[in-house]
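Text of run.csv (CSV, C-alpha atoms) as supplied:
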```csv
chain,number,residue,atom,x,y,z
J,1,MET,CA,5.7,-6.1,-17.1
J,2,VAL,CA,6.2,-2.5,-16.3
J,3,ILE,CA,7.9,-0.2,-14.0
J,4,PHE,CA,5.4,2.5,-13.0
J,5,SER,CA,7.4,5.1,-11.2
J,6,VAL,CA,10.6,6.0,-9.3
J,7,TYR,CA,10.8,8.2,-6.2
J,8,VAL,CA,13.9,9.4,-4.4
J,9,VAL,CA,13.6,10.5,-0.8
J,10,ASN,CA,16.2,12.3,1.2
J,11,LYS,CA,17.4,11.8,4.8
J,12,ALA,CA,14.7,14.0,6.3
J,13,GLY,CA,11.9,12.3,4.4
J,14,GLY,CA,11.4,14.9,1.7
J,15,LEU,CA,10.9,14.0,-1.9
J,16,ILE,CA,13.9,15.1,-4.0
J,17,TYR,CA,13.1,13.3,-7.3
J,18,GLN,CA,10.1,11.7,-8.9
J,19,TYR,CA,9.7,10.1,-12.3
J,20,ASP,CA,6.6,8.5,-13.8
J,21,ASN,CA,7.6,5.9,-16.4
J,22,TYR,CA,4.2,4.4,-17.1
J,23,VAL,CA,0.9,5.8,-15.9
J,24,PRO,CA,-2.0,3.6,-16.9
J,25,ARG,CA,-5.0,5.9,-17.3
J,26,ALA,CA,-8.1,3.8,-17.1
J,27,GLU,CA,-10.8,6.3,-17.9
J,28,ALA,CA,-14.4,5.9,-18.8
J,29,GLU,CA,-16.5,8.5,-20.6
J,30,LYS,CA,-20.3,8.0,-20.5
J,31,THR,CA,-23.3,10.0,-21.4
J,32,PHE,CA,-25.8,10.4,-18.5
J,33,SER,CA,-29.4,11.5,-18.4
J,34,TYR,CA,-31.1,13.1,-15.4
J,35,PRO,CA,-31.0,12.0,-12.6
J,36,LEU,CA,-27.4,10.9,-12.2
J,37,ASP,CA,-27.3,7.4,-10.8
J,38,LEU,CA,-23.9,7.9,-9.1
J,39,VAL,CA,-23.4,9.8,-5.9
J,40,LEU,CA,-20.7,12.4,-6.1
J,41,LYS,CA,-19.0,14.3,-3.3
J,42,HIS,CA,-16.2,16.9,-2.8
J,43,HIS,CA,-12.9,15.5,-1.6
J,44,ASP,CA,-9.6,17.4,-1.5
J,45,GLU,CA,-10.5,20.0,-4.2
J,46,LYS,CA,-11.9,17.3,-6.5
J,47,VAL,CA,-15.2,15.7,-7.2
J,48,ILE,CA,-15.2,12.0,-6.7
J,49,VAL,CA,-17.6,9.1,-6.8
J,50,SER,CA,-18.7,8.2,-3.3
J,51,PHE,CA,-21.4,5.6,-4.2
J,52,GLY,CA,-22.4,3.8,-7.3
J,53,GLN,CA,-20.5,1.7,-9.8
J,54,ARG,CA,-21.2,1.0,-13.5
J,55,ASP,CA,-19.3,0.3,-16.7
J,56,GLY,CA,-15.8,0.8,-15.4
J,57,ILE,CA,-16.6,3.7,-13.1
J,58,ARG,CA,-15.6,2.9,-9.6
J,59,VAL,CA,-15.9,4.4,-6.1
J,60,GLY,CA,-13.0,6.8,-5.7
J,61,HIS,CA,-12.8,7.8,-9.4
J,62,ALA,CA,-12.7,11.5,-10.0
J,63,VAL,CA,-14.6,13.6,-12.5
J,64,LEU,CA,-12.0,14.5,-15.2
J,65,SER,CA,-14.1,16.3,-17.8
J,66,ILE,CA,-17.6,17.3,-18.6
J,67,ASN,CA,-18.9,17.4,-22.2
J,68,GLY,CA,-15.3,17.2,-23.3
J,69,ALA,CA,-14.0,20.2,-21.3
J,70,ASP,CA,-11.5,19.3,-18.5
J,71,VAL,CA,-12.7,20.3,-15.1
J,72,LEU,CA,-10.8,22.7,-12.9
J,73,GLY,CA,-10.9,21.2,-9.4
J,74,LYS,CA,-14.4,21.5,-8.1
J,75,ASN,CA,-15.6,23.7,-11.0
J,76,THR,CA,-16.4,23.1,-14.6
J,77,ALA,CA,-14.2,24.7,-17.3
J,78,GLU,CA,-16.6,27.7,-17.3
J,79,GLY,CA,-16.3,28.1,-13.5
J,80,LYS,CA,-19.6,26.7,-12.4
J,81,ASP,CA,-19.7,24.3,-9.4
J,82,ILE,CA,-19.9,20.8,-10.7
J,83,LEU,CA,-22.4,19.4,-8.1
J,84,GLU,CA,-24.7,22.3,-8.8
J,85,TYR,CA,-24.4,21.9,-12.5
J,86,LEU,CA,-25.3,18.2,-12.3
J,87,LYS,CA,-28.3,18.8,-10.1
J,88,ASP,CA,-29.9,21.0,-12.8
J,89,SER,CA,-31.9,18.8,-15.1
J,90,SER,CA,-31.7,21.3,-17.9
J,91,ASN,CA,-28.0,20.5,-18.4
J,92,TYR,CA,-28.7,16.9,-19.3
J,93,PRO,CA,-27.9,14.8,-21.3
J,94,VAL,CA,-24.3,15.3,-20.2
J,95,SER,CA,-21.1,13.4,-21.1
J,96,ILE,CA,-18.8,12.9,-18.1
J,97,ARG,CA,-15.4,11.3,-18.1
J,98,PHE,CA,-14.4,9.5,-14.9
J,99,GLY,CA,-11.0,8.0,-14.0
J,100,ARG,CA,-8.4,7.6,-11.3
J,101,ALA,CA,-7.3,11.1,-10.2
J,102,ARG,CA,-3.7,11.9,-11.1
J,103,LEU,CA,-1.5,12.7,-8.1
J,104,SER,CA,-0.6,16.3,-7.8
J,105,SER,CA,3.0,17.1,-6.9
J,106,ASN,CA,1.9,18.1,-3.4
J,107,GLU,CA,0.3,14.8,-2.9
J,108,LYS,CA,3.4,13.0,-4.1
J,109,LEU,CA,5.5,14.9,-1.6
J,110,MET,CA,3.1,13.9,1.2
J,111,LEU,CA,3.0,10.3,0.2
J,112,ALA,CA,6.8,10.1,0.0
J,113,SER,CA,7.1,11.5,3.5
J,114,MET,CA,4.4,9.1,4.7
J,115,PHE,CA,6.4,6.2,3.4
J,116,HIS,CA,9.5,7.5,5.1
J,117,SER,CA,7.7,7.3,8.4
J,118,LEU,CA,6.1,3.9,7.7
J,119,PHE,CA,9.6,2.6,6.8
J,120,ALA,CA,10.8,3.5,10.2
J,121,ILE,CA,7.8,2.1,12.0
J,122,GLY,CA,8.3,-1.2,10.1
J,123,SER,CA,11.7,-1.4,11.7
J,124,GLN,CA,10.5,-0.5,15.2
J,125,LEU,CA,7.8,-3.1,15.3
J,126,SER,CA,10.0,-5.9,14.2
J,127,PRO,CA,9.8,-9.1,16.1
J,128,ASP,CA,13.3,-9.9,15.2
J,129,VAL,CA,16.5,-8.1,16.1
J,130,GLY,CA,18.4,-6.0,13.6
J,131,SER,CA,15.6,-5.5,11.1
J,132,SER,CA,15.8,-2.8,8.4
J,133,GLY,CA,12.7,-0.8,7.4
J,134,ILE,CA,10.2,-1.9,4.8
J,135,GLU,CA,12.1,-3.1,1.8
J,136,MET,CA,9.2,-4.5,-0.3
J,137,LEU,CA,5.5,-3.8,0.0
J,138,GLU,CA,3.1,-5.9,-2.1
J,139,THR,CA,-0.4,-5.4,-3.2
J,140,ASP,CA,-2.4,-7.2,-5.9
J,141,VAL,CA,-1.7,-4.5,-8.5
J,142,PHE,CA,1.8,-3.3,-7.8
J,143,LYS,CA,4.9,-4.0,-5.8
J,144,LEU,CA,6.9,-1.2,-4.1
J,145,HIS,CA,10.6,-1.8,-3.6
J,146,CYS,CA,12.7,0.4,-1.4
J,147,PHE,CA,16.5,0.6,-1.0
J,148,GLN,CA,17.9,2.7,1.8
J,149,THR,CA,21.6,3.7,1.4
J,150,LEU,CA,24.0,4.0,4.2
J,151,THR,CA,23.5,7.8,4.1
J,152,GLY,CA,19.8,7.6,4.5
J,153,ILE,CA,18.7,8.2,0.9
J,154,LYS,CA,15.8,6.0,-0.1
J,155,PHE,CA,15.2,4.9,-3.7
J,156,ILE,CA,11.7,3.7,-4.2
J,157,VAL,CA,10.4,1.9,-7.3
J,158,LEU,CA,6.8,1.0,-8.0
J,159,ALA,CA,6.6,-1.9,-10.5
J,160,ASP,CA,4.3,-4.7,-11.7
J,161,PRO,CA,4.3,-7.5,-9.1
J,162,ARG,CA,5.8,-10.0,-11.6
J,163,GLN,CA,8.6,-7.7,-12.6
J,164,SER,CA,12.0,-9.2,-11.7
J,165,GLY,CA,15.4,-7.6,-11.4
J,166,ILE,CA,14.3,-4.6,-9.3
J,167,ASP,CA,17.1,-5.1,-6.7
J,168,ALA,CA,19.7,-4.7,-9.5
J,169,LEU,CA,17.7,-1.7,-10.8
J,170,LEU,CA,17.7,0.0,-7.4
J,171,ARG,CA,21.5,-0.4,-7.1
J,172,LYS,CA,21.8,0.9,-10.7
J,173,ILE,CA,19.8,4.0,-9.8
J,174,TYR,CA,22.0,4.6,-6.8
J,175,GLU,CA,25.0,4.3,-9.1
J,176,ASN,CA,23.4,6.9,-11.4
J,177,TYR,CA,22.6,9.1,-8.5
J,178,SER,CA,26.2,9.1,-7.3
J,179,ASP,CA,27.6,9.6,-10.8
J,180,PHE,CA,25.3,12.3,-12.2
J,181,ALA,CA,23.9,14.0,-9.1
J,182,LEU,CA,26.5,13.8,-6.4
J,183,LYS,CA,29.4,14.4,-8.8
J,184,ASN,CA,27.6,17.4,-10.3
J,185,PRO,CA,29.3,20.5,-8.7
J,186,PHE,CA,26.0,22.5,-9.0
J,187,TYR,CA,24.0,19.9,-7.1
J,188,SER,CA,23.5,20.5,-3.3
J,189,LEU,CA,23.0,17.5,-1.1
J,190,GLU,CA,19.4,16.7,0.0
J,191,MET,CA,18.0,19.2,-2.5
J,192,PRO,CA,15.6,18.3,-5.4
J,193,ILE,CA,17.6,16.7,-8.2
J,194,ARG,CA,17.5,18.7,-11.4
J,195,CYS,CA,20.3,17.1,-13.4
J,196,GLU,CA,19.6,16.2,-17.0
J,197,LEU,CA,22.2,13.4,-17.2
J,198,PHE,CA,20.6,11.8,-14.1
J,199,ASP,CA,17.2,11.9,-15.9
J,200,GLN,CA,18.6,10.4,-19.1
J,201,ASN,CA,20.5,7.7,-17.5
J,202,LEU,CA,17.6,6.8,-15.2
J,203,LYS,CA,15.3,6.4,-18.2
J,204,GLY,CA,17.9,4.2,-19.9
J,205,SER,CA,18.3,2.0,-16.8
J,206,LEU,CA,14.5,1.6,-16.6
J,207,GLU,CA,14.3,0.5,-20.2
J,208,ILE,CA,17.0,-2.0,-19.7
J,209,ALA,CA,15.3,-3.3,-16.5
J,210,GLU,CA,12.0,-3.7,-18.2
J,211,LYS,CA,13.5,-5.6,-21.1
J,212,ALA,CA,15.5,-7.8,-18.8
J,213,GLY,CA,12.4,-8.4,-16.7
J,214,ASN,CA,10.6,-9.7,-19.8
J,215,PHE,CA,13.5,-12.1,-20.6
J,216,GLY,CA,13.5,-13.4,-17.0
J,217,ALA,CA,9.8,-14.1,-16.8
J,218,GLY,CA,9.8,-15.9,-20.1
J,219,SER,CA,6.7,-16.5,-22.1
W,1,MET,CA,11.0,-21.1,9.1
W,2,THR,CA,8.8,-19.7,11.8
W,3,VAL,CA,5.8,-17.6,12.8
W,4,HIS,CA,6.7,-14.8,15.2
W,5,ASN,CA,3.4,-13.4,16.2
W,6,LEU,CA,-0.3,-12.8,15.3
W,7,TYR,CA,-2.6,-9.8,16.0
W,8,ILE,CA,-6.3,-9.6,15.4
W,9,PHE,CA,-7.9,-6.1,15.2
W,10,ASP,CA,-11.5,-5.2,14.9
W,11,ARG,CA,-12.7,-2.4,12.6
W,12,ASN,CA,-12.4,0.3,15.4
W,13,GLY,CA,-8.7,-0.4,16.0
W,14,SER,CA,-8.9,-2.3,19.2
W,15,CYS,CA,-6.7,-5.4,19.4
W,16,LEU,CA,-9.0,-8.4,20.0
W,17,TYR,CA,-6.2,-11.0,20.2
W,18,TYR,CA,-2.5,-11.2,20.3
W,19,ASN,CA,-0.1,-14.1,20.7
W,20,GLU,CA,3.5,-14.7,20.1
W,21,TRP,CA,5.4,-17.8,19.4
W,22,ASN,CA,9.0,-16.9,18.4
W,23,ARG,CA,9.5,-13.3,19.1
W,24,LYS,CA,13.1,-12.3,19.6
W,25,LYS,CA,12.8,-8.6,20.2
W,26,GLN,CA,10.2,-6.6,22.0
W,27,ALA,CA,9.2,-3.2,20.6
W,28,GLY,CA,10.4,-1.3,23.6
W,29,ILE,CA,7.0,0.2,24.3
W,30,SER,CA,4.0,-1.2,26.3
W,31,LYS,CA,1.7,-3.7,24.7
W,32,ASP,CA,-1.1,-1.2,24.4
W,33,GLU,CA,1.0,1.3,22.6
W,34,GLU,CA,2.4,-1.4,20.3
W,35,PHE,CA,-1.1,-2.4,19.3
W,36,LYS,CA,-2.0,1.2,18.6
W,37,LEU,CA,1.1,1.7,16.6
W,38,MET,CA,0.6,-1.5,14.6
W,39,TYR,CA,-3.0,-0.6,13.8
W,40,GLY,CA,-2.0,3.0,12.9
W,41,MET,CA,0.8,1.8,10.7
W,42,LEU,CA,-1.6,-0.6,8.8
W,43,PHE,CA,-4.2,2.1,8.5
W,44,SER,CA,-1.6,4.5,7.0
W,45,ILE,CA,-0.3,1.8,4.7
W,46,ARG,CA,-3.7,1.1,3.3
W,47,SER,CA,-4.4,4.7,2.7
W,48,PHE,CA,-0.9,5.2,1.2
W,49,VAL,CA,-1.5,2.2,-1.1
W,50,SER,CA,-4.9,3.3,-2.3
W,51,LYS,CA,-3.5,6.7,-3.3
W,52,MET,CA,-0.3,5.5,-4.8
W,53,SER,CA,-1.7,2.7,-6.8
W,54,PRO,CA,-1.6,3.2,-10.5
W,55,LEU,CA,-4.6,1.0,-11.1
W,56,ASP,CA,-7.8,0.2,-9.2
W,57,MET,CA,-7.2,-2.5,-6.7
W,58,LYS,CA,-9.3,-5.4,-5.7
W,59,GLU,CA,-7.7,-6.7,-2.6
W,60,GLY,CA,-5.3,-3.9,-1.7
W,61,PHE,CA,-2.4,-4.2,0.6
W,62,LEU,CA,-1.2,-7.8,1.0
W,63,THR,CA,2.2,-8.1,2.7
W,64,PHE,CA,5.4,-6.2,3.3
W,65,GLN,CA,8.9,-7.4,4.0
W,66,THR,CA,12.0,-6.0,5.7
W,67,SER,CA,15.4,-7.6,5.9
W,68,LYS,CA,14.4,-9.8,8.8
W,69,TYR,CA,10.6,-10.5,8.8
W,70,ARG,CA,7.5,-10.4,6.7
W,71,LEU,CA,4.2,-9.1,7.7
W,72,HIS,CA,1.1,-10.7,6.2
W,73,TYR,CA,-2.2,-8.9,6.2
W,74,TYR,CA,-5.8,-10.1,5.7
W,75,GLU,CA,-8.9,-8.0,6.1
W,76,THR,CA,-12.4,-9.4,6.1
W,77,PRO,CA,-15.3,-7.5,4.6
W,78,SER,CA,-16.5,-6.9,8.1
W,79,GLY,CA,-13.4,-4.9,9.0
W,80,LEU,CA,-11.7,-7.6,11.0
W,81,ARG,CA,-7.9,-7.5,10.4
W,82,PHE,CA,-5.5,-10.4,10.8
W,83,VAL,CA,-1.8,-9.6,10.9
W,84,MET,CA,0.8,-12.2,11.1
W,85,ASN,CA,4.6,-11.7,11.3
W,86,THR,CA,6.7,-14.6,10.0
W,87,ASP,CA,10.3,-14.9,8.9
W,88,LEU,CA,11.3,-14.3,5.3
W,89,SER,CA,10.9,-17.9,4.0
W,90,VAL,CA,7.1,-17.7,4.0
W,91,PRO,CA,5.9,-16.2,0.7
W,92,ASN,CA,2.2,-16.1,1.2
W,93,ALA,CA,0.2,-16.6,4.3
W,94,ARG,CA,-3.1,-15.3,3.0
W,95,GLU,CA,-4.7,-18.7,2.9
W,96,THR,CA,-3.5,-19.4,6.5
W,97,LEU,CA,-5.1,-16.2,7.6
W,98,GLN,CA,-8.3,-16.9,5.7
W,99,HIS,CA,-8.3,-20.3,7.4
W,100,ILE,CA,-7.9,-18.8,10.8
W,101,TYR,CA,-10.8,-16.5,10.1
W,102,SER,CA,-13.3,-19.0,8.6
W,103,ASN,CA,-12.4,-22.1,10.6
W,104,LEU,CA,-11.3,-20.7,13.9
W,105,TYR,CA,-12.7,-17.3,14.4
W,106,VAL,CA,-16.1,-17.9,12.9
W,107,GLU,CA,-16.4,-21.4,14.5
W,108,TYR,CA,-15.3,-20.6,18.0
W,109,ILE,CA,-16.0,-17.0,18.5
W,110,VAL,CA,-18.9,-15.9,16.3
W,111,LYS,CA,-20.9,-19.0,16.8
W,112,ASN,CA,-20.2,-18.9,20.6
W,113,PRO,CA,-23.2,-17.3,22.3
W,114,VAL,CA,-21.1,-16.3,25.3
W,115,CYS,CA,-18.5,-14.4,23.3
W,116,VAL,CA,-19.4,-10.7,22.8
W,117,LEU,CA,-18.1,-9.6,19.4
W,118,GLY,CA,-16.0,-6.5,19.6
W,119,GLN,CA,-14.5,-7.4,23.0
W,120,SER,CA,-11.2,-9.1,23.3
W,121,LEU,CA,-11.4,-12.8,22.5
W,122,ASP,CA,-11.0,-14.8,25.7
W,123,SER,CA,-12.3,-18.1,24.6
W,124,GLU,CA,-9.9,-20.9,25.8
W,125,LEU,CA,-11.0,-23.1,23.0
W,126,PHE,CA,-10.1,-20.5,20.4
W,127,SER,CA,-6.7,-19.9,21.9
W,128,SER,CA,-5.8,-23.6,22.1
W,129,ARG,CA,-7.1,-24.4,18.7
W,130,LEU,CA,-5.3,-21.4,17.2
W,131,ASP,CA,-2.1,-22.4,19.0
W,132,ALA,CA,-2.3,-26.0,17.8
W,133,PHE,CA,-3.0,-24.8,14.2
W,134,ILE,CA,0.0,-22.4,14.1
W,135,ARG,CA,2.3,-25.1,15.5
W,136,ALA,CA,1.0,-27.5,12.9
W,137,LEU,CA,1.8,-25.2,10.0
W,138,PRO,CA,4.4,-26.6,7.6
W,139,TYR,CA,6.4,-23.5,8.0
W,140,TYR,CA,6.4,-23.4,11.7
W,141,SER,CA,9.4,-24.8,13.6
W,142,PRO,CA,10.3,-23.7,17.1
W,143,ARG,CA,13.8,-22.5,16.9
W,144,ALA,CA,16.0,-23.6,19.8
W,145,ALA,CA,16.6,-20.5,22.0
```
Rewritten as structure tokens:
Amino acid sequence: MVIFSVYVVNKAGGLIYQYDNYVPRAEAEKTFSYPLDLVLKHHDEKVIVSFGQRDGIRVGHAVLSINGADVLGKNTAEGKDILEYLKDSSNYPVSIRFGRARLSSNEKLMLASMFHSLFAIGSQLSPDVGSSGIEMLETDVFKLHCFQTLTGIKFIVLADPRQSGIDALLRKIYENYSDFALKNPFYSLEMPIRCELFDQNLKGSLEIAEKAGNFGAGS
Amino acid sequence: MTVHNLYIFDRNGSCLYYNEWNRKKQAGISKDEEFKLMYGMLFSIRSFVSKMSPLDMKEGFLTFQTSKYRLHYYETPSGLRFVMNTDLSVPNARETLQHIYSNLYVEYIVKNPVCVLGQSLDSELFSSRLDAFIRALPYYSPRAA
């Protein structure tokens, strides 16, 4: 029963705040012998699995480290191209760690803007009058809640699907935003939020919400 | 408690079937554009969800809701996408969509030698059975205009 992360998006669709509360890192480290039975490919400056699945390694997982040394994008820690390195049988046996790739801050910016647009399209395609944008998006692994204020700021929370009390949490985050960001004389509107008090109070609100969520669901 | 409309898309993005029962507001754009926008939105949502997701997903995107309606999504392994908009009181229409696929689409379209897969579904039998099925759903009630 966790809250994964919080995003705050401004009126124009730009990300102004992001906080990862809980990032489950499912990683698998395995020793491989030549030839490698997974097919790897370059994608977005990373090397990911394009075909093949075994022991917790899935399609879409990225290469995180080779022989214990973290990779740098498409190259190993020594600077050699990963795909070339793995084609050479003299480098085997090799121990590779795979896992879900962490989102870079650029990617988070892009995803926040993407959601800003999807929110608006959800409202445009509505079969009923007076619909808001996407307020809740559900998948089998997480639930995304979005609260848009009257001024166009969106507070987005990603949580476990069974977590309750997120609506109250979104209102609380809005309250924290107006208390610790808006009332801060050094904060400019629509700009990235760099206020310590906002961070502290947000973490506090998330802890309260997670505990309250546990009570609500019962055992 | 009502069903607003239903779309069926194939894997290339063309809309194979569309029907509406209780739609109160048109999108303000032509039907073709609306189908493309809907498909594009769903494609983007699926890509967004696969990147954002903190864990590996099995089924992916299921549904989203706004203040007035809820969109249910079901995709078959062959890339056929079923999209249904209902009002907020319907929590989960996944089984309904699965039923539409296995008992209506497969029976009346796939097994029909005259129907060409990939073209819009113009089987009268399919339309009438689907209409009857939707109207018979426990959460469907035609609202008085």
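You can rank J:Ala212, J:Ala69, J:Ile193, J:Ala26 by their closest distance to chain W using all atoms listed in the file, and at the top of that list sits J:Ala26.
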May I have a table of the residues of chain J lying at most 6 Å from chain W, giving each one's closest pair of atoms and their distance in Å to one decimal, counting all atoms listed in the file, ordered by chain and ascending residue number, as a Markdown table?
```
| residue | atom | partner | partner_atom | distance |
| --- | --- | --- | --- | --- |
| J:Leu125 | CA | W:Ala27 | CA | 5.5 |
| J:Pro127 | CA | W:Lys25 | CA | 5.1 |
| J:Asp128 | CA | W:Lys24 | CA | 5.0 |
| J:Val129 | CA | W:Lys25 | CA | 5.5 |
| J:Ser131 | CA | W:Lys68 | CA | 5.0 |
| J:Ser132 | CA | W:Ser67 | CA | 5.4 |
| J:Gly133 | CA | W:Thr66 | CA | 5.5 |
| J:Ile134 | CA | W:Thr66 | CA | 4.6 |
| J:Glu135 | CA | W:Thr66 | CA | 4.9 |
| J:Met136 | CA | W:Gln65 | CA | 5.2 |
| J:Leu137 | CA | W:Phe64 | CA | 4.1 |
| J:Glu138 | CA | W:Thr63 | CA | 5.4 |
| J:Thr139 | CA | W:Phe61 | CA | 4.5 |
```
**OP:** Between atom CA of Ser205 of chain J and atom CA of Leu169 of chain J, measure the distance and give it in Å to one decimal.
**Re:** 7.1 Å
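For the residues J:Phe142, J:Ala112, J:Ser117, J:Ile208, ranking by smallest atom-to-atom distance to Asp160 of chain J using all atoms listed in the file places J:Phe142 first.
Here the question is which of J:Ile48, J:Ile121, J:Phe198, J:Leu170 gets nearest to Lys36 of chain W using only C-alpha atoms, and that residue is J:Ile121.
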Original post:
Any idea what's packed within 10 Å of Thr96 of chain W, counting all atoms listed in the file, ignoring anything in its chain fewer than 3 positions away? Could you give it as a PyMOL selection string?
Top reply: chain W and resi 72+74+84+92-93+99-101+133-134+137
So which residues touch Ile109 of chain W within 12 Å, counting all atoms listed in the file, skipping near sequence neighbours fewer than 3 positions away, as an mmCIF file with C-alpha atoms, in the coordinates of the input?
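See selection_26.cif below for the written result:
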```
data_model
loop_
_atom_site.group_PDB
_atom_site.id
_atom_site.type_symbol
_atom_site.label_atom_id
_atom_site.label_comp_id
_atom_site.auth_asym_id
_atom_site.auth_seq_id
_atom_site.Cartn_x
_atom_site.Cartn_y
_atom_site.Cartn_z
ATOM 1 C CA LEU W 16 -9.000 -8.400 20.000
ATOM 2 C CA TYR W 17 -6.200 -11.000 20.200
ATOM 3 C CA ILE W 100 -7.900 -18.800 10.800
ATOM 4 C CA TYR W 101 -10.800 -16.500 10.100
ATOM 5 C CA SER W 102 -13.300 -19.000 8.600
ATOM 6 C CA ASN W 103 -12.400 -22.100 10.600
ATOM 7 C CA LEU W 104 -11.300 -20.700 13.900
ATOM 8 C CA TYR W 105 -12.700 -17.300 14.400
ATOM 9 C CA VAL W 106 -16.100 -17.900 12.900
ATOM 10 C CA ASN W 112 -20.200 -18.900 20.600
ATOM 11 C CA PRO W 113 -23.200 -17.300 22.300
ATOM 12 C CA VAL W 114 -21.100 -16.300 25.300
ATOM 13 C CA CYS W 115 -18.500 -14.400 23.300
ATOM 14 C CA VAL W 116 -19.400 -10.700 22.800
ATOM 15 C CA LEU W 117 -18.100 -9.600 19.400
ATOM 16 C CA GLY W 118 -16.000 -6.500 19.600
ATOM 17 C CA GLN W 119 -14.500 -7.400 23.000
ATOM 18 C CA SER W 120 -11.200 -9.100 23.300
ATOM 19 C CA LEU W 121 -11.400 -12.800 22.500
ATOM 20 C CA ASP W 122 -11.000 -14.800 25.700
ATOM 21 C CA SER W 123 -12.300 -18.100 24.600
ATOM 22 C CA GLU W 124 -9.900 -20.900 25.800
ATOM 23 C CA LEU W 125 -11.000 -23.100 23.000
ATOM 24 C CA PHE W 126 -10.100 -20.500 20.400
ATOM 25 C CA SER W 127 -6.700 -19.900 21.900
ATOM 26 C CA ARG W 129 -7.100 -24.400 18.700
ATOM 27 C CA LEU W 130 -5.300 -21.400 17.200
#
```
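Take atom CA of Ser90 of chain J and atom CA of Ser50 of chain J: the distance between them is 23.5 Å.
If all atoms listed in the file are the atoms counted, then among W:Asp32, W:Val90, W:Ala136, W:Arg81 the closest residue to Tyr7 of chain W is W:Arg81.
Taking atom CA of Ser5 of chain J and atom CA of Gln200 of chain J as the two end points, the separation is 14.7 Å.
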**OP:** Could you give me, as a ChimeraX atom specification, the residues within 12 Å of Val2 of chain J, counting only C-alpha atoms and dropping anything in the same chain fewer than 2 positions from it?
**Re:** /J:4-6,20-24,141-143,157-166,206-214 /W:54
Subject >> Selection near segment 33-47 of chain J, 8 Å with all atoms listed in the file, sequence-local residues under 2 positions removed, as a list in words >> reply: Thr31, Val49, Ser50, Phe51, Gly52, Gln53, Ala62, Val63, Gly73, Lys74, Ile82, Leu83, Leu86, Lys87, Ser89, Tyr92, Pro93 and Val94 of chain J
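Near Met110 of chain J, within 10 Å and counting only C-alpha atoms, sit Gly13, Gly14, Leu15, Ser105, Asn106, Glu107, Ser113, Met114, Phe115 and His116 of chain J; Phe48 of chain W, not including residues fewer than 3 positions from it in the same chain.
Comparing the minimum interatomic distances between Leu118 of chain J and each of W:Phe43, W:Thr76, W:Lys111, W:Phe82, counting all atoms listed in the file, we find that W:Phe43 sits nearest.
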